[in-house]
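Heads up: the structure comes next, in structure tokens.
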Amino acid sequence: MFMSKMKPLTGAYASAEAMRQINPEVVAAYPITPSTPIVETFAKFVADGKVDTEMIRVESEHSSMSACVGASAAGVRVMTATSSAGLALMWEVLGVASGMRLPIIMSLANRALSGPINIHCDHSDAMGARDLSWIQIFSEDAQEAYENTLLAIRLAEHPDVLLPTMVCQDGFITSHGVQNVTIHDDDVVKKFIGERKPWKSLLNLNDPVTFGPLELTDYYFETKRQQEEAMMHAKKVFLEVGEELSKITGNNYGYFEEYQTEDAEAIIVAMNSTAGTAKATIDRMRKEGKKVGLLKIRLFRPFPYEEIGKALSKARTVGVLDRSASFGAHHPLFSEIRNSLYDIDSKPKIQSYLYGLGGKDIFEKDIEKVFDELLEGNTGPTKYIGLRE
Amino acid sequence: MMLKDFAKKPKRFVSGGRSCAGCAAPIIFRTVLAATDHPIVAGNATGCMEVTSSIYPFTSWNIPWIHNAFENVSPTISGAETAYRALKKRGKMKETVKFVAFGGDGGTYDIGLQSLSGALERGHDFLYVCYDNGAYMNTGNQRSSATPFGASTTTEPAGKVLQGKSLFRKNLTEIAVAHNIPYVAQASVSNIMDLYNKAKKAFEVEGPKFMVVFSPCTTLWKFKPDDTIHIAKLAVESRFWPLYEIENGKYKLSYKPSKDVPVEEFLKTQKRFVHLFRPENRNLIEKIQKHTDEEWEKLLKKCEE
């Protein structure tokens with residue numbers, strides 16, 4: 001039996017612990033609230049010699065992702081962390097990273113996008129990058145932020161995948177909240193992680209490669225098609241790597257987690273920390289005999305439409321909680337869940353909820369109200385949780 | 001080393017690329033790449049040379065090469081250089097490798113300036129080479145901060161009221177010097193051994209190095225393809241483009257023209273300046289000459305000539 005240690009840690013610290021165990025050759029990052037303590041904690045690990053990573057303290061997030069691309073193309077493991085405007089500034093290079101098929105790993109402490117400027121949690125940063133061919137994994141708490149990071153390394157570097165991956169956690173709520181986190185044994189984790197074996201590299205001097213060529217009408221589409229295929233592979237590999245990680249952690253890594261959904265009449269779909277609030281609400285409502293459950297998304301890209309459709313088919317009403325808006329369209333998560341139900345014969349009713357933008361709190365009483373509405377079975381246009389109209 | 005000797009070196013940037021006949025940039029690239037015998041990893045900002053050298057499935061690059069985007073060749077190559085140092089530290093890399101970043105004036109003076117400054121400040125061991133053709137030539141001659149006073153570009157054209165660019169160029173060489181890096185140089189495609197020797201010196205120094213190289217554009221300065229070197233030479237001889245270097249903060253003039261060639265001789269070779277030769281614009285040519293003289297005098301003082 002190996003040694004695992006439980007420690008009171010913030011989500012940011014837990015992510016930095018994963019980085020410490022991974023000990024990537026290069027970390028390039030620029031500070032931005034609330035992701036900053038991830039980089040600060042890791043910088044202290046470097047200063048104390050706990051890792052021998054080379055850090056690049058760049059002058060912007062655009063340059064941090066650019067440096068990640070250069071280092072990853074040079075064949076080494078590269079990690080970064082950011083939030084909100086930082087991810088937005090990287091946007092151009094995020095597409096280069098995935099188009100070049102570089103397995104860069106990012107910790108994203110989710111934060112609202114400007115404007116107005118706001119430092120608190122919502123998912124608009126991640127949703128703005130959802131179509132850039134990055135694998136996106138969401139984490140309910142600090143434990144998941146830690147373990148998902150370990151999973152992400154193996155998933156991103158798998159030869160059938162080779163795609164960059166972002167591991168999301170709620171800014172402040174998770175990144176700065178202290179929880180008990182089990183950090184697994186260094187040696188066991190290091191064995192699980194192994195070494196990156198790049199297919200092609202800038203530093204393989206005997207096999208010079210042109211990275212990032214110009215592709216016009218004759219090849220660009222074909223390259224993008226391969227990228228789409230890689231994303232489909234990621235779905236399969238996610239479960240394989242998750243199963244392997246499960247042997248170390250004892251936890252499960254499905255595309256999503258089902259909580260009390262077996263006989264649930266009303267199911268809420270949510271991501272990140274709100275899933276925890278929903279679970280507490282469900283425990284209480286179950287005692288009152290109410291058949292309520294939760295489907296918590298772990299893997300958002302690639303999106304497991306078929307599996308989610310099947311999982312929700314038993315419910316009478318589904319409520320989807322979005323923490324970011326798609327202006328003039330269905331909100332991002334609602335849109336995906338609605339799509340998942342299209343091929344299901346007995347479709348549940350579905351209701352969209354928008355909540356928590358710019359860090360607006362969501363409480364158990366809010367979720368209880370959602371469940372009560374869902375149990376009544378009335379659905380309509382998007383409802384807003386905690387909003388002053 | 002003579003010109004004919006380095007012409008015999010292994011071709012790191014091979015023939016068959018799609019740059020215009022008469023383009024100065026491939027000459028600059030080959031010369032720089034020949035200036036070290038160590039393996040080189042090269043990066044390219046988006047621009048003419050990136051586009052013409054890497055049209056998939058073909059490549060002009062016989063060495064590892066990366067293009068990321070327009071404004072970020074410096075952080076991209078600094079990422080590769082850092083990966084190299086990390087592997088060396090872990091004993092996984094034996095060879096000595098040199099890193100070079102190429103960018104045009106748009107990708108260097110303008111959109112890439114912040115990230116260039118960052119990479120110079122961080123002390124990466126790399127050489128940045130800006131080939132300066134004084135506008136966004138890849139996209140058809142839009143004005144950059146390297147566009148000379150009076151030049152007509154598509155975004156600041158000469159017309160009935162305006163006479164092309166109304167401001168003088170940004171002095172990027174001096175901006176690079178302000179970073180207190182070990183080596184900065186200004187060179188020209190016309191003075192090929194000077195360019196070669198500067199690149200060689202740069203590769204031999206550890207830390208960030210910066211060079212800006214004068215690179216006439218036959219297509220959009222509008223001159224005959226066989227006049228490229230001649231026009232670059234006129235820029236140097238007229239003191240419009242002085243050749244000098246700054247080694248550890250010490251200025252040194254590389255070449256002092258023996259004859260007094262008026263800047264007009266350079267301007268009249270290119271159609272981008274043709275409107276300046278209307279009688280009513282005589283004062284603009286005089287203004288350019290005055291500015292050129294003043295800059296030259298300032299440089300001589302710095303070089304203690």
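Residues in the structure tokens are named by chain (A, B, ... in the order shown) and by number from 1 within that chain; ligands are numbered from 1 in the order shown.
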
Within 7 Å of chain B, which residues of chain A come that close, and what is the closest atom pair and distance in Å for each? Count only C-alpha atoms and give it as a tab-separated table.
residue	atom	partner	partner_atom	distance
A:Glu25	CA	B:Ala86	CA	5.6
A:Val26	CA	B:Ala83	CA	6.3
A:Thr53	CA	B:Ala86	CA	7.0
A:Glu54	CA	B:Ala86	CA	6.0
A:Val58	CA	B:Gly118	CA	6.5
A:Glu59	CA	B:Gly118	CA	5.6
A:Ser63	CA	B:Pro75	CA	5.5
A:Ser66	CA	B:Thr76	CA	5.0
A:Ala67	CA	B:Gly79	CA	4.1
A:Cys68	CA	B:Gly79	CA	6.0
A:Val69	CA	B:Thr76	CA	6.3
A:Gly70	CA	B:Thr76	CA	4.3
A:Ala71	CA	B:Gly79	CA	4.2
A:Ala74	CA	B:Ala80	CA	5.4
A:Val76	CA	B:Ala83	CA	6.3
A:Val96	CA	B:Asn68	CA	6.6
A:Leu202	CA	B:Pro64	CA	5.2
A:Leu205	CA	B:Pro64	CA	6.9
A:Pro208	CA	B:Pro64	CA	4.3
A:Val209	CA	B:Pro64	CA	5.0
A:Thr210	CA	B:Trp65	CA	4.9
A:Phe211	CA	B:Ile66	CA	4.5
A:Gly212	CA	B:His67	CA	4.8
A:Pro213	CA	B:Ser54	CA	4.9
A:Leu214	CA	B:Ile55	CA	4.8
A:Glu215	CA	B:Tyr56	CA	5.4

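Counting only C-alpha atoms, Trp296 (chain B) has the following residues at most 9 Å away, ignoring those fewer than 5 positions along the same chain: Arg239, Phe240, Pro242, His291 and Lys301 of chain B.
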
Show me, as a short mmCIF file (atom, residue, chain, number, x, y, z; two decimals) with N, CA and C atoms, in the first residue's frame, the residues that have an atom within 12 Å of Leu300 (chain B) when counting only C-alpha atoms, minus same-chain residues fewer than 2 positions from it.
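Output file out_19.cif is given in full below:
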data_model
loop_
_atom_site.label_atom_id
_atom_site.label_comp_id
_atom_site.auth_asym_id
_atom_site.auth_seq_id
_atom_site.Cartn_x
_atom_site.Cartn_y
_atom_site.Cartn_z
N ARG B 239 23.76 57.22 -46.08
CA ARG B 239 23.61 57.29 -44.62
C ARG B 239 22.16 57.18 -44.16
N PRO B 242 22.56 53.47 -41.74
CA PRO B 242 23.94 53.29 -41.29
C PRO B 242 24.18 51.85 -40.79
N LEU B 243 25.38 51.39 -40.99
CA LEU B 243 25.77 50.07 -40.49
C LEU B 243 26.57 50.27 -39.21
N TYR B 244 26.09 49.70 -38.13
CA TYR B 244 26.82 49.82 -36.86
C TYR B 244 26.44 48.69 -35.93
N TYR B 251 29.17 51.43 -28.77
CA TYR B 251 28.81 51.65 -30.18
C TYR B 251 30.04 51.58 -31.07
N LYS B 252 29.86 50.97 -32.23
CA LYS B 252 30.95 50.94 -33.21
C LYS B 252 30.37 51.08 -34.61
N LEU B 253 30.87 52.05 -35.35
CA LEU B 253 30.43 52.24 -36.72
C LEU B 253 31.08 51.15 -37.58
N SER B 254 30.30 50.45 -38.37
CA SER B 254 30.86 49.37 -39.18
C SER B 254 31.37 49.88 -40.52
N TYR B 255 30.80 50.97 -40.98
CA TYR B 255 31.16 51.44 -42.31
C TYR B 255 30.90 52.93 -42.42
N LYS B 256 31.91 53.65 -42.92
CA LYS B 256 31.76 55.09 -43.10
C LYS B 256 31.87 55.41 -44.59
N ASP B 293 20.86 63.58 -41.89
CA ASP B 293 22.11 64.19 -41.41
C ASP B 293 22.16 64.25 -39.89
N GLU B 294 21.05 64.65 -39.31
CA GLU B 294 21.01 64.76 -37.84
C GLU B 294 21.20 63.40 -37.17
N GLU B 295 20.53 62.39 -37.71
CA GLU B 295 20.64 61.04 -37.14
C GLU B 295 22.08 60.52 -37.28
N TRP B 296 22.66 60.82 -38.42
CA TRP B 296 24.05 60.38 -38.67
C TRP B 296 25.01 61.03 -37.67
N GLU B 297 24.82 62.32 -37.44
CA GLU B 297 25.67 63.04 -36.48
C GLU B 297 25.53 62.46 -35.07
N LYS B 298 24.29 62.16 -34.71
CA LYS B 298 24.04 61.57 -33.39
C LYS B 298 24.77 60.24 -33.27
N LYS B 302 27.85 58.82 -30.75
CA LYS B 302 27.76 57.58 -29.95
C LYS B 302 28.94 56.67 -30.24
N CYS B 303 29.38 56.67 -31.50
CA CYS B 303 30.49 55.81 -31.90
C CYS B 303 31.84 56.47 -31.64
N GLU B 304 31.79 57.67 -31.12
CA GLU B 304 33.00 58.45 -30.87
C GLU B 304 33.88 58.55 -32.11
N GLU B 305 33.23 58.79 -33.25
CA GLU B 305 33.97 58.94 -34.51
C GLU B 305 34.35 60.40 -34.71
#

Test item: residues at most 7 Å from Thr165 (chain A), only C-alpha atoms, excluding those fewer than 3 positions along its chain, as an MDAnalysis selection string: chainID A and resid 103:106 134:136 152 156

Give me the residues of region 240-285 of chain A that have any atom at most 12 Å from an atom of region 109-115 of chain A; for each, the nearest atom pair and the distance in Å, rounded to one decimal. Use only C-alpha atoms, sort by chain and number, and format it as a Markdown table.
| residue | atom | partner | partner_atom | distance |
| --- | --- | --- | --- | --- |
| A:Met271 | CA | A:Asn110 | CA | 11.3 |
| A:Asn272 | CA | A:Asn110 | CA | 9.5 |
| A:Ser273 | CA | A:Asn110 | CA | 10.8 |

Residues at most 9 Å from Gln186 (chain B), counting only C-alpha atoms, excluding those fewer than 3 positions away in the same chain, as an MDAnalysis selection string? chainID B and resid 173 195 198 210:214 241:246

With C-alpha atoms retained, write the just-selected residues as a PDB file, in the first residue's frame.
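This is the output file selection-v3.pdb:
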ATOM      1  CA  THR B 173      17.843  49.402 -32.930  1.00  0.00           C
ATOM      2  CA  LEU B 195      26.032  40.886 -42.210  1.00  0.00           C
ATOM      3  CA  LYS B 198      27.679  40.316 -37.325  1.00  0.00           C
ATOM      4  CA  PHE B 210      19.184  41.581 -31.879  1.00  0.00           C
ATOM      5  CA  MET B 211      19.867  42.505 -35.493  1.00  0.00           C
ATOM      6  CA  VAL B 212      17.863  44.559 -37.936  1.00  0.00           C
ATOM      7  CA  VAL B 213      18.745  44.096 -41.581  1.00  0.00           C
ATOM      8  CA  PHE B 214      17.795  46.384 -44.442  1.00  0.00           C
ATOM      9  CA  TRP B 241      20.711  53.156 -43.283  1.00  0.00           C
ATOM     10  CA  PRO B 242      23.940  53.285 -41.289  1.00  0.00           C
ATOM     11  CA  LEU B 243      25.769  50.073 -40.489  1.00  0.00           C
ATOM     12  CA  TYR B 244      26.821  49.822 -36.864  1.00  0.00           C
ATOM     13  CA  GLU B 245      26.917  47.537 -33.877  1.00  0.00           C
ATOM     14  CA  ILE B 246      26.629  47.821 -30.124  1.00  0.00           C
TER      15      ILE B 246
END

Give the helix (DSSP H, G or I) residues of region 211-290 of chain A, as DSSP finds them on the backbone, and put them as a PyMOL selection string. chain A and resi 220-249+274-287

The selected residues should be written to file as a PDB file, in the first residue's frame (atoms: C-alpha atoms).
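This is the output file out-v2.pdb:
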ATOM      1  CA  TYR A 220      -6.285  23.082 -44.183  1.00  0.00           C
ATOM      2  CA  PHE A 221      -9.653  21.309 -44.111  1.00  0.00           C
ATOM      3  CA  GLU A 222      -7.978  17.895 -44.022  1.00  0.00           C
ATOM      4  CA  THR A 223      -5.826  18.960 -41.064  1.00  0.00           C
ATOM      5  CA  LYS A 224      -8.898  20.148 -39.188  1.00  0.00           C
ATOM      6  CA  ARG A 225     -10.669  16.861 -39.947  1.00  0.00           C
ATOM      7  CA  GLN A 226      -7.777  14.976 -38.321  1.00  0.00           C
ATOM      8  CA  GLN A 227      -8.093  17.243 -35.308  1.00  0.00           C
ATOM      9  CA  GLU A 228     -11.776  16.385 -35.055  1.00  0.00           C
ATOM     10  CA  GLU A 229     -10.887  12.705 -35.202  1.00  0.00           C
ATOM     11  CA  ALA A 230      -8.325  13.178 -32.412  1.00  0.00           C
ATOM     12  CA  MET A 231     -11.010  14.786 -30.264  1.00  0.00           C
ATOM     13  CA  MET A 232     -13.219  11.740 -30.812  1.00  0.00           C
ATOM     14  CA  HIS A 233     -10.331   9.487 -29.751  1.00  0.00           C
ATOM     15  CA  ALA A 234      -9.990  11.567 -26.610  1.00  0.00           C
ATOM     16  CA  LYS A 235     -13.393  10.291 -25.481  1.00  0.00           C
ATOM     17  CA  LYS A 236     -12.219   6.700 -25.485  1.00  0.00           C
ATOM     18  CA  VAL A 237      -8.782   7.440 -24.048  1.00  0.00           C
ATOM     19  CA  PHE A 238     -10.322   9.534 -21.256  1.00  0.00           C
ATOM     20  CA  LEU A 239     -12.037   6.441 -19.853  1.00  0.00           C
ATOM     21  CA  GLU A 240      -8.935   4.249 -20.276  1.00  0.00           C
ATOM     22  CA  VAL A 241      -6.650   6.686 -18.472  1.00  0.00           C
ATOM     23  CA  GLY A 242      -9.356   7.322 -15.875  1.00  0.00           C
ATOM     24  CA  GLU A 243      -9.562   3.618 -15.122  1.00  0.00           C
ATOM     25  CA  GLU A 244      -5.816   3.464 -14.602  1.00  0.00           C
ATOM     26  CA  LEU A 245      -5.869   6.513 -12.334  1.00  0.00           C
ATOM     27  CA  SER A 246      -8.762   5.005 -10.443  1.00  0.00           C
ATOM     28  CA  LYS A 247      -6.484   2.206  -9.252  1.00  0.00           C
ATOM     29  CA  ILE A 248      -4.344   4.813  -7.503  1.00  0.00           C
ATOM     30  CA  THR A 249      -7.034   7.125  -6.177  1.00  0.00           C
ATOM     31  CA  THR A 274     -22.267  24.085  -7.858  1.00  0.00           C
ATOM     32  CA  ALA A 275     -22.418  20.290  -8.088  1.00  0.00           C
ATOM     33  CA  GLY A 276     -21.351  20.182  -4.439  1.00  0.00           C
ATOM     34  CA  THR A 277     -24.131  22.556  -3.411  1.00  0.00           C
ATOM     35  CA  ALA A 278     -26.581  20.462  -5.412  1.00  0.00           C
ATOM     36  CA  LYS A 279     -25.477  17.257  -3.691  1.00  0.00           C
ATOM     37  CA  ALA A 280     -26.081  18.758  -0.240  1.00  0.00           C
ATOM     38  CA  THR A 281     -29.512  19.927  -1.363  1.00  0.00           C
ATOM     39  CA  ILE A 282     -30.326  16.520  -2.782  1.00  0.00           C
ATOM     40  CA  ASP A 283     -29.350  14.784   0.465  1.00  0.00           C
ATOM     41  CA  ARG A 284     -31.770  17.007   2.354  1.00  0.00           C
ATOM     42  CA  MET A 285     -34.618  16.730  -0.160  1.00  0.00           C
ATOM     43  CA  ARG A 286     -34.222  12.969  -0.410  1.00  0.00           C
ATOM     44  CA  LYS A 287     -34.906  12.768   3.327  1.00  0.00           C
TER      45      LYS A 287
END

If you count only C-alpha atoms, which residues fall within 7 Å of Val181 (chain A), apart from same-chain ones fewer than 2 positions away, as JSON, numbers by chain? {"A": [6, 7, 8, 9, 142, 143, 179, 183]}

Write out as JSON, numbers by chain the residues lying within 12 Å of region 174-176 of chain A, counting only C-alpha atoms and excluding same-chain residues fewer than 3 positions away. {"A": [8, 9, 10, 11, 12, 13, 14, 15, 16, 33, 34, 35, 36, 37, 38, 39, 81, 82, 83, 107, 108, 109, 110, 111, 120, 121, 122, 138, 139, 140, 141, 142, 143, 144, 145, 146, 168, 169, 170, 171, 179, 180, 181, 272, 273, 274, 275, 276, 359]}

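Between CA of Ser72 (chain A) and CA of Val32 (chain B) lies a distance of 25.6 Å.
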
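A straight line drawn from CA of Ala18 (chain A) to CA of Asp52 (chain A) is 14.4 Å long.
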